[in-house]
Amino acid sequence: MARETKKHLRETEKFKLDFLYKLQTLHGKELEEASNNDKYTALVGVLRDRISQNWVATNRDYSEKSRKQVYYFSMEFLLGKLLPMYLINMGVHDVCRDALAELDIDIDKLTEAEPDAGLGNGGLGRLAACFMDSIAAMKLPGHGNGIRYRYGLFEQKIVDGHQVELPDNWLKDGYAWEYRRGDRATEVRFGGHVRTEATGNKLTFIHEGYEPVLAVPYDVPIIGHENNTVNTLRLWNAEPIEGEFDLPTFNRGDYLKAVEYKHSVERISKILYPEDNFYEGRLLRLKQQYFFVSAGIQSIIRRFKKRRGPIRALPDRVTIHINDTHPAVAVPELMRILMDEEGLGWDDAWDITTRTVSYTNHTIMPEALEKWPVQMFKTLLPRIYMIVEEINERYCRRLWQRYPGNWDKIAQMAIIADEQVHMARLAVVGSFSVNGVAALHTDILKKHLFHHYYEDMPHKFNNKTNGITHRRWLLRANRGLAEVLTDTIGKSWVEHPEDLTNLLKYDSDASVQEKLKQVKLQNKEHLARHIKEKYDVLVDPASIFDVQIKRIHAYKRQLLNVLHVMDLYNRLKDNPDLDIVPRTFLFGGKAAPGYYLAKQIIKLINMLAYKINNDLSIKGKLKVVFLENYSVSLGEMVFPASDVSEQISTASKEASGTGNMKFMLNGAVTMGTMDGANVEIRNAVGDDNIFIFGLNSDQVIDFYRYGGYKSYDCYNNDKRIKLILDQLVNGYLPGGKDEFRPIFDSLLRDNDEFFVLKDFDDYATAQERLDQRFRDQGVWSKMSIHNIAHAGIFSSDRSIAEYAIGIWNVKPAEIPRL
Ligand code: 26W
């Protein structure tokens with residue numbers, strides 16, 4: 001027997017025993033009596049035992065060698081399921097699968113028992129999760145810092161075509177991957193007032209009458225890929241301080257007050273705000289922000305001091321990276337700790353802070369930029385506000401010297417202006433690095449949103465194009481494809497995703513093309529079965545699977561896609577023999593609960609789907625399905641089954657996009673605008689392997705600046721558009737006649753803010769080109785291969801290597817196996 005097989009058998013036997021033992025010690029049960037959830041937690045228990053040594057070893061190495069650490073502060077971490085990833089990263093997937101199979105347990109069934117950790121809305125949260133994976137895979141000392149929301153992003157149900165939101169009770173059975181660290185809890189203070197005292201020639205600031213909140217960390221291990229590294233994602237839970245009855249704030253024994261206090265504290269980590277790219281100045285959100293930022297920085301400083309680091313060395317040992325402006329209070333909070341607790345003067349504190357904090361911007365959407373009313377900010381965070389005021393005054397003084405008399409410019413750059421605290425400005429001024437998330441996006445930051453700052457401090461600005469972890473989005477999500485790739489080009493791509501370019505040699509190889517086609521077909525069949533079971537709709541795996549999955553947002557233009565489907569359907573009704581390749585249009589995504597127009601779009605998709613899917617006259621050439629509750633897990637099923645990736649945002653609006661990368665990695669071809677990372681995808685694959693259409697970002701920006709677009713002209717001059725828009729409001733669709741009037745009005749009365757009608761014709765033409773290309777399966781296969789082959793540069797390993805070298809200055813650490 002080969003050595004490998006013997007080893008496998010031995011390990012499988014060991015795994016089986018470990019598992020049965022864990023079932024017994026954890027649940028006091030034998031296999032026969034154990035529920036699916038019991039088995040799942042026992043399995044995670046086995047893995048936890050195996051991780052713990054590496055976790056300790058990693059932390060010890062980081063401490064003993066005083067390695068520089070990066071802390072990624074993010075309000076969102078959209079992790080999805082960890083079990084399947086960790087089995088792969090720990091190199092025990094096959095051993096575990098076989099061990100469980102011997103016990104008649106299907107490993108995929110156990111995976112289903114794990115809730116998706118949905119602690120994020122969309123792109124920004126998923127990026128944070130991909131980054132955690134890559135940081136550990138690259139053996140870098142880096143950790144996450146966030147909030148342990150009791151309820152993650154809502155669960156979406158479609159009822160009569162409408163979106164209905166249900167609470168995401170993901171913690172109801174506990175979370176097997178978290179470790180509560182009660183001993184590391186820390187206090188965060190809200191409200192009250194600040195008293196100033198002069199001692200000698202020094203002012204001290206005493207915060208009094210505040211509401212104290214206990215921040216308790218729950219640590220989730222972040223496991224590297226076959227490398228012994230185990231980093232930490234620290235998620236904070238808000239809890240009342242013990243002995244609340246004795247708090248000076250309240251009268252002793254005031255029972256109602258005490259209960260109120262408990263509730264108001266627990267609210268802080270209760271729920272994730274479901275708005276994506278939309279800012280509502282809610283007090284509780286600011287509370288959440290300060291809560292996890294203050295707790296996180298306190299714990300960083302505590303750890304740093306335990307290693308007896310001189311505080312001035314902080315920037316050499318620590319970088320705090322803020323994921324968009326949501327954690328921007330990190331700047332004044334670090335200042336507060338350095339001055340009020342460590343006794344430094346302003347200049348030293350400012351020097352340290354601005355060499356410690358770095359910032360990524362993820363959006364230029366004006367309605368997403370956070371601005372807090374001064375009154376609210378000051379009341380909730382009195383000491384922090386004083387510091388922000390001082391930062392603002394000093395910065396404005398400097399601007400005055402540089403641009404004397406230029407009040408307009410100074411007002412545009414001031415951190416506090418129009419009675420609001422502008423968080424993006426605070427982030428830019430308080431950090432040493434500001435980056436955008438795709439080349440085009442960074443250009444727009446420099447030219448437009450942050451133009452004045454760029455002129456003032458050009459050295460801060462840099463680009464870091466986003467990436468995705470190929471381990472989850474290919475190795476885990478598409479095992480079939482991963483196997484074909486490894487059979488064809490060897491397995492080096494797993495460690496070095498750039499090696500996927502080795503596939504280019506086979507772009508015209510009939511046997512490779514055939515194997516890839518078979519994998520795609522199997523994935524499509526799998527999705528088709530899911531669709532049949534869940535929605536009772538039959539879709540043909542031989543049809544083109546044309547997919548748009550992402551948050552529903554006007555700028556992402558699901559509407560453009562829908563209008564094109566309506567047009568195709570109109571043409572088919574006109575001519576049932578119209579020669580088109582059969583297509584299945586798949587949509588998925590959540591709308592913010594208060595975003596009326598986005599919810600209307602979901603309704604429209606579903607009404608149209610109902611009409612089209614039940615129309616026998618078009619002979620099944622067209623199908624439309626809205627996939628409910630888009631999540632990381634659903635994505636893992638959909639990307640591998642897709643032929644066409646819809647990335648059709650209004651140029652300039654999508655900072656990067658990351659779904660676009662997941663599609664290409666799985667062999668789908670992009671239909672897209674010159675927006676975000678699409679631009680770089682096009683540069684990588686070349687014009688022959690992508691479908692580009694529509695206005696470019698300069699044209700869009702010029703229209704916004706100088707006007708000149710009248711959507712009515714499109715309506716009046718293009719018969720197709722007129723017909724479709726009229727169909728929105730003339731009772732043609734199921735549901736009331738005026739149901740879709742708001743959409744109609746947004747396109748005409750409100751002059752179509754996102755150029756849907758303007759880009760319609762070009763989009764329809766590009767779709768016809770695509771249809772023609774798909775007919776030649778050899779040509780299509782080749783396009784698909786080029787997309788996979790060039791996806792390596794969009795691995796988050798590449799992004800993280802750039803952050804590590806260009807911003808964080810952190811270096812890999814080899815963790816020995818204990
Ligand atoms: C305050 C409300 C709010 C909530 C979330 C404002 C802004 C956000 C995020 C910054 C929105 C977001 O997720 N942006 C997306 O970030 C991705 C990762 O960089 C990009 O790929 C997407 O293009 C961008 O829309």
# chains A, B, ... in the order shown; residues from 1 in each chain; ligands from 1
>>> residues_around(residues="Trp493 in chain A", least_positions_apart="3", cutoff="12 Å", atoms="only C-alpha atoms", output="list in words")
His470, Arg471, Leu474, Leu475, Ala482, Glu483, Leu485, Thr486, Asp487, Thr488, Ile489, Gly490, His496, Pro497, Glu498, Asp499, Leu500, Thr501, Asn502, Leu503, Ile788, Ala789, His790, Ala791, Gly792, Ile793, Ser795 and Asp797 of chain A
>>> residues_around(residues="Gly309 in chain A", least_positions_apart="6", cutoff="12 Å", atoms="only C-alpha atoms", output="count of residues only")
12
>>> closest_atom_pairs(of="chain A", to="ligand 1", cutoff="6 Å", atoms="only C-alpha atoms and all ligand atoms", output="Markdown table")
| residue | atom | partner | partner_atom_place_in_ligand_line | distance |
| --- | --- | --- | --- | --- |
| A:Gly122 | CA | ligand 1 | 13 (O) | 5.3 |
| A:Gly123 | CA | ligand 1 | 17 (C) | 3.9 |
| A:Leu124 | CA | ligand 1 | 13 (O) | 3.7 |
| A:Leu127 | CA | ligand 1 | 18 (C) | 5.6 |
| A:Glu275 | CA | ligand 1 | 4 (C) | 5.6 |
| A:Asp276 | CA | ligand 1 | 4 (C) | 4.1 |
| A:Asn277 | CA | ligand 1 | 7 (C) | 3.8 |
| A:Phe278 | CA | ligand 1 | 2 (C) | 4.4 |
| A:Tyr279 | CA | ligand 1 | 1 (C) | 3.9 |
| A:Asp324 | CA | ligand 1 | 10 (C) | 5.8 |
| A:His362 | CA | ligand 1 | 10 (C) | 4.6 |
| A:Thr363 | CA | ligand 1 | 10 (C) | 5.4 |
| A:Ala368 | CA | ligand 1 | 6 (C) | 4.3 |
| A:Glu370 | CA | ligand 1 | 1 (C) | 5.8 |
| A:Val437 | CA | ligand 1 | 19 (O) | 5.5 |
| A:Glu654 | CA | ligand 1 | 23 (O) | 4.3 |
| A:Ala655 | CA | ligand 1 | 23 (O) | 3.8 |
| A:Ser656 | CA | ligand 1 | 23 (O) | 3.9 |
| A:Gly657 | CA | ligand 1 | 21 (O) | 3.4 |
| A:Thr658 | CA | ligand 1 | 21 (O) | 4.9 |
>>> closest_residue(among="A:Val265, A:Ala766, A:Ile147, A:Ile580", to="Pro212 in chain A", atoms="only C-alpha atoms")
A:Val265
>>> select_by_dssp(residues="range 144-239 of chain A", states="strand (DSSP E or B)", output="MDAnalysis selection string")
chainID A and resid 144:147 151 155:159 162:166 179:180 186:190 193:199 202:208 211:223 230:239
>>> closest_residue(among="A:Leu725, A:Ala137, A:Ala328, A:Val159", to="Asp745 in chain A", atoms="only C-alpha atoms")
A:Leu725
>>> atom_distance(atom1="CA of Asn696 in chain A", atom2="CA of Val756 in chain A")
13.2 Å
>>> atom_distance(atom1="CA of Tyr290 in chain A", atom2="CA of Leu214 in chain A")
12.8 Å
>>> residues_around(residues="Ile618 in chain A", least_positions_apart="2", cutoff="9 Å", atoms="only C-alpha atoms", output="PyMOL selection string")
chain A and resi 569+572-573+576-577+612+615-616+620-622
>>> write_last_selection(atoms="N, CA, C and O atoms", output="PDB file, in the first residue's frame")
ATOM      1  N   TYR A 569     -38.440  40.036 -24.676  1.00  0.00           N
ATOM      2  CA  TYR A 569     -39.743  39.366 -24.609  1.00  0.00           C
ATOM      3  C   TYR A 569     -40.717  39.985 -25.620  1.00  0.00           C
ATOM      4  O   TYR A 569     -41.419  39.263 -26.340  1.00  0.00           O
ATOM      5  N   LEU A 572     -39.824  38.686 -28.972  1.00  0.00           N
ATOM      6  CA  LEU A 572     -40.240  37.279 -29.111  1.00  0.00           C
ATOM      7  C   LEU A 572     -41.753  37.174 -29.332  1.00  0.00           C
ATOM      8  O   LEU A 572     -42.223  36.323 -30.096  1.00  0.00           O
ATOM      9  N   LYS A 573     -42.494  38.022 -28.670  1.00  0.00           N
ATOM     10  CA  LYS A 573     -43.956  37.994 -28.836  1.00  0.00           C
ATOM     11  C   LYS A 573     -44.322  38.430 -30.246  1.00  0.00           C
ATOM     12  O   LYS A 573     -45.250  37.902 -30.852  1.00  0.00           O
ATOM     13  N   PRO A 576     -42.408  34.836 -32.766  1.00  0.00           N
ATOM     14  CA  PRO A 576     -42.084  33.651 -31.964  1.00  0.00           C
ATOM     15  C   PRO A 576     -40.934  32.838 -32.560  1.00  0.00           C
ATOM     16  O   PRO A 576     -40.345  32.021 -31.867  1.00  0.00           O
ATOM     17  N   ASP A 577     -40.606  33.062 -33.813  1.00  0.00           N
ATOM     18  CA  ASP A 577     -39.487  32.326 -34.404  1.00  0.00           C
ATOM     19  C   ASP A 577     -38.167  33.070 -34.286  1.00  0.00           C
ATOM     20  O   ASP A 577     -37.145  32.616 -34.808  1.00  0.00           O
ATOM     21  N   ILE A 612     -43.464  35.897 -17.938  1.00  0.00           N
ATOM     22  CA  ILE A 612     -42.637  35.231 -18.942  1.00  0.00           C
ATOM     23  C   ILE A 612     -42.586  33.718 -18.740  1.00  0.00           C
ATOM     24  O   ILE A 612     -42.751  32.943 -19.686  1.00  0.00           O
ATOM     25  N   ASP A 615     -45.620  31.834 -20.032  1.00  0.00           N
ATOM     26  CA  ASP A 615     -46.040  32.069 -21.411  1.00  0.00           C
ATOM     27  C   ASP A 615     -45.494  30.957 -22.305  1.00  0.00           C
ATOM     28  O   ASP A 615     -44.296  30.926 -22.617  1.00  0.00           O
ATOM     29  N   LEU A 616     -46.370  30.032 -22.687  1.00  0.00           N
ATOM     30  CA  LEU A 616     -45.907  28.879 -23.474  1.00  0.00           C
ATOM     31  C   LEU A 616     -45.531  29.272 -24.896  1.00  0.00           C
ATOM     32  O   LEU A 616     -44.747  28.598 -25.552  1.00  0.00           O
ATOM     33  N   GLY A 620     -40.136  28.487 -24.158  1.00  0.00           N
ATOM     34  CA  GLY A 620     -39.052  28.338 -23.178  1.00  0.00           C
ATOM     35  C   GLY A 620     -37.761  29.030 -23.559  1.00  0.00           C
ATOM     36  O   GLY A 620     -36.702  28.743 -22.982  1.00  0.00           O
ATOM     37  N   LYS A 621     -37.832  29.970 -24.508  1.00  0.00           N
ATOM     38  CA  LYS A 621     -36.579  30.640 -24.897  1.00  0.00           C
ATOM     39  C   LYS A 621     -36.092  31.616 -23.837  1.00  0.00           C
ATOM     40  O   LYS A 621     -34.942  32.047 -23.860  1.00  0.00           O
ATOM     41  N   LEU A 622     -37.000  31.998 -22.966  1.00  0.00           N
ATOM     42  CA  LEU A 622     -36.677  32.992 -21.952  1.00  0.00           C
ATOM     43  C   LEU A 622     -37.204  32.523 -20.606  1.00  0.00           C
ATOM     44  O   LEU A 622     -38.346  32.079 -20.505  1.00  0.00           O
TER      45      LEU A 622
END
>>> select_by_dssp(residues="range 438-538 of chain A", states="helix (DSSP H, G or I)", output="ChimeraX atom specification")
/A:439-449,451-456,458-460,470-476,479-489,492-495,497-506,510-535
>>> residues_around(residues="Ile690 in chain A", least_positions_apart="6", cutoff="9 Å", atoms="only C-alpha atoms", output="PyMOL selection string")
chain A and resi 669-672+681-682+783+787
>>> write_last_selection(atoms="all heavy atoms", output="compact mmCIF listing (two decimals), in the first residue's frame")
# COMPACT_ATOMS: atom_id res chain seq x y z
N VAL A 669 -18.30 35.22 -18.44
CA VAL A 669 -17.83 36.35 -19.24
C VAL A 669 -18.61 37.58 -18.80
O VAL A 669 -19.82 37.52 -18.59
CB VAL A 669 -18.03 36.07 -20.74
CG1 VAL A 669 -17.60 37.26 -21.57
CG2 VAL A 669 -17.25 34.82 -21.14
N THR A 670 -17.89 38.70 -18.68
CA THR A 670 -18.51 39.93 -18.17
C THR A 670 -19.23 40.71 -19.26
O THR A 670 -18.69 40.92 -20.34
CB THR A 670 -17.43 40.85 -17.57
OG1 THR A 670 -16.72 40.12 -16.56
CG2 THR A 670 -18.04 42.11 -16.97
N MET A 671 -20.45 41.14 -18.94
CA MET A 671 -21.14 42.17 -19.70
C MET A 671 -21.07 43.40 -18.81
O MET A 671 -21.67 43.41 -17.73
CB MET A 671 -22.60 41.72 -19.93
CG MET A 671 -23.56 42.79 -20.35
SD MET A 671 -23.22 43.48 -21.97
CE MET A 671 -23.51 42.07 -23.02
N GLY A 672 -20.31 44.41 -19.21
CA GLY A 672 -20.14 45.48 -18.23
C GLY A 672 -19.83 46.84 -18.81
O GLY A 672 -19.47 47.00 -19.98
N ILE A 681 -10.36 44.45 -15.38
CA ILE A 681 -10.69 43.12 -15.92
C ILE A 681 -10.55 43.16 -17.45
O ILE A 681 -9.98 42.26 -18.06
CB ILE A 681 -12.12 42.69 -15.50
CG1 ILE A 681 -12.15 42.44 -13.98
CG2 ILE A 681 -12.57 41.45 -16.27
CD1 ILE A 681 -13.51 42.06 -13.42
N ARG A 682 -11.06 44.24 -18.04
CA ARG A 682 -10.94 44.37 -19.49
C ARG A 682 -9.46 44.43 -19.90
O ARG A 682 -9.04 43.76 -20.84
CB ARG A 682 -11.65 45.62 -19.97
CG ARG A 682 -11.36 45.97 -21.42
CD ARG A 682 -12.19 47.17 -21.85
NE ARG A 682 -11.70 47.75 -23.10
CZ ARG A 682 -10.77 48.70 -23.18
NH1 ARG A 682 -10.18 49.16 -22.08
NH2 ARG A 682 -10.43 49.18 -24.34
N MET A 783 -13.13 32.18 -24.61
CA MET A 783 -13.35 33.40 -23.82
C MET A 783 -13.37 33.07 -22.33
O MET A 783 -12.78 33.77 -21.50
CB MET A 783 -14.70 34.05 -24.18
CG MET A 783 -14.76 34.62 -25.58
SD MET A 783 -16.40 35.34 -25.93
CE MET A 783 -16.28 36.91 -25.08
N ASN A 787 -10.85 34.25 -19.20
CA ASN A 787 -11.30 34.88 -17.96
C ASN A 787 -10.74 34.18 -16.74
O ASN A 787 -10.24 34.83 -15.82
CB ASN A 787 -12.83 34.94 -17.92
CG ASN A 787 -13.36 36.19 -18.62
OD1 ASN A 787 -13.44 37.26 -18.03
ND2 ASN A 787 -13.64 36.07 -19.92
>>> closest_residue(among="A:Gln513, A:Pro274, A:Ser642, A:Ala113", to="Ala528 in chain A", atoms="only C-alpha atoms")
A:Ser642
>>> atom_distance(atom1="CA of Arg336 in chain A", atom2="CA of Trp400 in chain A")
25.8 Å
>>> closest_residue(among="A:Leu153, A:Val519, A:Met132, A:Val537", to="Arg234 in chain A", atoms="only C-alpha atoms")
A:Met132
>>> residues_around(residues="Tyr395 in chain A", least_positions_apart="3", cutoff="12 Å", atoms="only C-alpha atoms", output="list in words")
Trp350, Val388, Glu389, Glu390, Ile391, Asn392, Arg398, Leu399, Trp400, Gln401, Arg402, Tyr403, Ile410, Ala411, Met413, Ala414, Ile415, Ile416, Arg425, Leu426, Val428, Val429, Gly430, Tyr453 and Asp456 of chain A
